[in-house]
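What follows is a set of notes on a single structure, which appears directly below.
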Amino acid sequence: MPRFVKITDFKAPELDIFVRLTGAQLRNKLEPEKGIFIAESPTVIEVALNAGCEPIALLTDERLVGGAVASIIEKCGAKDEDFPVYTAEREVLSSLTGFELTRGALCAMKRPPLPTVEELCRDARRIAVLEEVADSTNIGALFRSAAALGIDAVLITPTCCDPLCRRAVRVSMGTVFQVPFTRIGDAPADWPEKGLARLHALGFKTAAMALTDDSVSIEDARLKAEKKLAIILGTEGDGLKKSTIADSDYTVKIPMSHGVDSLNVAAAGAVAFWQLTR
């Protein structure tokens with residue numbers, strides 16, 4: 001049976017993990033095995049649990065204990081009889097910024113260990129590589145599209161936004177737990193030259209999504225014919241690095257109408273995933 005603890009003061013130390021630790025403190029880069037992420041909303045928490053993520057503690061509106069979060073509490077309690085479930089009245093939790101977006105539930109979970117690039121890509125045919133995408137909303141949207149449209153794995157470059165930050169997890173609707181991902185390198189110097197070399201060594205042709213004079217259309221038959229293809233998407237605004245484009249096998253564009261020069265990276269990713277996985 002889980003251990004229920006009623007919280008009456010928003011300043012209670014039990015809430016630190018949910019509301020007062022920074023993203024860097026949660027990630028705990030110095031000791032990754034101690035890293036934590038926060039899943040928001042019953043739907044996202046359920047997806048994370050079903051994907052095998054290990055829960056640490058739950059914070060919820062006390063009115064939901066016998067309703068929307070009952071199954072979550074049951075699953076968490078089955079893993080740990082002393083699992084802490086912190087409950088509070090809505091008035092207490094309203095002090096939490098963005099509480100309405102959590103739909104009354106927050107779950108702290110252990111960060112799963114990341115596989116190597118080689119392990120992740122061994123059997124993959126279509127992967128996405130996200131280069132320096134900084135916006136957490138775009139990261140979440142890209143993962144949701146990747147899950148929905150058949151991408152086998154996602155690689156993020158060393159300076160890319162954390163897919164397990166709270167906003168990215170929420171925007172993705174939990175799909176960050178359904179598409180396997182890892183970092184391609186630990187330091188900025190590991191991308192693009194070293195990273196592209198790793199992909200090529202694994203048998204991938206690389207497709208840099210960019211508008212250049214020699215870009216090929218996303219409808220080019222050669223792209224679909226590739227057995228293994230890595231679709232590389234760049235940061236908002238500046239797009240891909242020149243060296244990434246130069247060292248990729250293809251530079252690929254999405255044909256535009258009405259003088260529009262580009263799409264938001266999340267929208268471009270959805271189009272690319274749909275076209276290149278069919």
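In the structure tokens, chains take letters A, B, ... by order of appearance, with residues numbered from 1 within each chain and ligands from 1 in the order shown.
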Which residues, written as a compact mmCIF listing (two decimals) with C-alpha atoms, in the first residue's frame, have at least one atom at most 12 Å from A:Ala267, with only C-alpha atoms counted and residues fewer than 2 positions away on the same chain left out?
# COMPACT_ATOMS: atom_id res chain seq x y z
CA THR A 137 7.96 22.91 -27.49
CA ASN A 138 9.53 22.02 -30.83
CA ILE A 139 11.34 19.05 -29.27
CA GLY A 140 8.07 17.72 -27.88
CA ALA A 141 6.26 18.22 -31.18
CA LEU A 142 9.06 16.52 -33.13
CA PHE A 143 8.94 13.48 -30.87
CA ARG A 144 5.17 13.27 -31.24
CA SER A 145 5.50 13.34 -35.04
CA ALA A 146 8.36 10.82 -34.93
CA LEU A 233 16.80 18.86 -38.83
CA GLU A 236 15.13 27.33 -35.20
CA ILE A 254 10.26 20.74 -49.03
CA SER A 262 10.58 27.73 -44.82
CA LEU A 263 8.53 25.92 -42.19
CA ASN A 264 8.88 25.78 -38.44
CA VAL A 265 11.24 22.90 -37.60
CA GLY A 269 9.91 17.36 -39.38
CA ALA A 270 6.34 16.09 -39.65
CA VAL A 271 6.37 16.52 -43.43
CA ALA A 272 9.76 14.86 -43.78
CA PHE A 273 8.84 11.93 -41.53
CA TRP A 274 5.62 11.31 -43.43
With 8 Å as the cut-off and only C-alpha atoms counted, what is the closest atom pair between each nearby residue of stretch 204-268 of chain A and stretch 118-136 of chain A? Distances in Å to one decimal, ordered by chain and number, as a Markdown table.
| residue | atom | partner | partner_atom | distance |
| --- | --- | --- | --- | --- |
| A:Lys227 | CA | A:Arg125 | CA | 6.4 |
| A:Lys228 | CA | A:Arg125 | CA | 4.4 |
| A:Leu229 | CA | A:Arg126 | CA | 5.2 |
| A:Ala230 | CA | A:Ile127 | CA | 4.9 |
| A:Ile231 | CA | A:Ala128 | CA | 4.8 |
| A:Ile232 | CA | A:Val129 | CA | 4.6 |
| A:Leu233 | CA | A:Leu130 | CA | 5.2 |
| A:Gly234 | CA | A:Glu131 | CA | 4.8 |
| A:Thr235 | CA | A:Val133 | CA | 4.2 |
| A:Glu236 | CA | A:Val133 | CA | 6.4 |
| A:Leu240 | CA | A:Glu131 | CA | 6.9 |
Convert the current residue selection to file output with N, CA and C atoms, as a PDB file, in the first residue's frame.
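Everything below was put into result05.pdb:
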ATOM      1  N   LYS A 227      18.133   2.331 -48.075  1.00  0.00           N
ATOM      2  CA  LYS A 227      17.797   1.327 -47.072  1.00  0.00           C
ATOM      3  C   LYS A 227      17.802   1.929 -45.678  1.00  0.00           C
ATOM      4  N   LYS A 228      18.810   2.774 -45.397  1.00  0.00           N
ATOM      5  CA  LYS A 228      18.923   3.396 -44.081  1.00  0.00           C
ATOM      6  C   LYS A 228      19.143   4.893 -44.286  1.00  0.00           C
ATOM      7  N   LEU A 229      18.268   5.701 -43.689  1.00  0.00           N
ATOM      8  CA  LEU A 229      18.325   7.146 -43.922  1.00  0.00           C
ATOM      9  C   LEU A 229      18.210   7.895 -42.600  1.00  0.00           C
ATOM     10  N   ALA A 230      19.110   8.843 -42.403  1.00  0.00           N
ATOM     11  CA  ALA A 230      19.077   9.727 -41.237  1.00  0.00           C
ATOM     12  C   ALA A 230      18.607  11.102 -41.693  1.00  0.00           C
ATOM     13  N   ILE A 231      17.482  11.550 -41.151  1.00  0.00           N
ATOM     14  CA  ILE A 231      16.891  12.843 -41.522  1.00  0.00           C
ATOM     15  C   ILE A 231      17.353  13.872 -40.505  1.00  0.00           C
ATOM     16  N   ILE A 232      18.119  14.868 -40.957  1.00  0.00           N
ATOM     17  CA  ILE A 232      18.740  15.821 -40.035  1.00  0.00           C
ATOM     18  C   ILE A 232      18.004  17.157 -40.093  1.00  0.00           C
ATOM     19  N   LEU A 233      17.539  17.608 -38.937  1.00  0.00           N
ATOM     20  CA  LEU A 233      16.797  18.860 -38.826  1.00  0.00           C
ATOM     21  C   LEU A 233      17.550  19.823 -37.927  1.00  0.00           C
ATOM     22  N   GLY A 234      17.565  21.114 -38.329  1.00  0.00           N
ATOM     23  CA  GLY A 234      18.385  22.092 -37.625  1.00  0.00           C
ATOM     24  C   GLY A 234      17.622  22.998 -36.684  1.00  0.00           C
ATOM     25  N   THR A 235      18.384  23.802 -35.989  1.00  0.00           N
ATOM     26  CA  THR A 235      17.837  24.702 -34.995  1.00  0.00           C
ATOM     27  C   THR A 235      16.914  25.749 -35.608  1.00  0.00           C
ATOM     28  N   GLU A 236      16.062  26.303 -34.769  1.00  0.00           N
ATOM     29  CA  GLU A 236      15.126  27.327 -35.200  1.00  0.00           C
ATOM     30  C   GLU A 236      15.886  28.559 -35.703  1.00  0.00           C
ATOM     31  N   LEU A 240      20.503  24.308 -40.201  1.00  0.00           N
ATOM     32  CA  LEU A 240      21.652  23.429 -40.015  1.00  0.00           C
ATOM     33  C   LEU A 240      22.974  24.159 -40.210  1.00  0.00           C
TER      34      LEU A 240
END
Inset, instruction - Give me the residues within 9 Å of A:Trp191 as number ranges by chain, counting only C-alpha atoms and dropping any in the same chain fewer than 5 places off. - result: A: 131, 157-158, 184-185, 196, 244
Legend entry - Shortest interatomic distance to A:Ile151 - which of A:Glu219, A:Lys242, A:Arg278, A:Glu91, counting only C-alpha atoms: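 Nearest candidate to A:Ile151 out of A:Glu219, A:Lys242, A:Arg278, A:Glu91: A:Arg278.
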Legend entry - Residue nearest A:Ser248 among A:Ala266, A:Ile218, A:Phe204, A:Leu64 (counting only C-alpha atoms):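 Closest candidate: A:Phe204.
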Inset, instruction - One decimal, Å: what's the distance from atom CA of A:Tyr86 over to atom CA of A:Gly174, could you say? - result: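 Rounded to one decimal, the two atoms are 22.1 Å apart.
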Inset, instruction - Give the answer as one residue: which of A:Thr60, A:Pro84, A:Lys79, A:Ser95 has the shortest atom-to-atom distance to A:Asp9, using only C-alpha atoms? - result: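 Going through A:Thr60, A:Pro84, A:Lys79, A:Ser95 one by one, the smallest distance to A:Asp9 is for A:Ser95.
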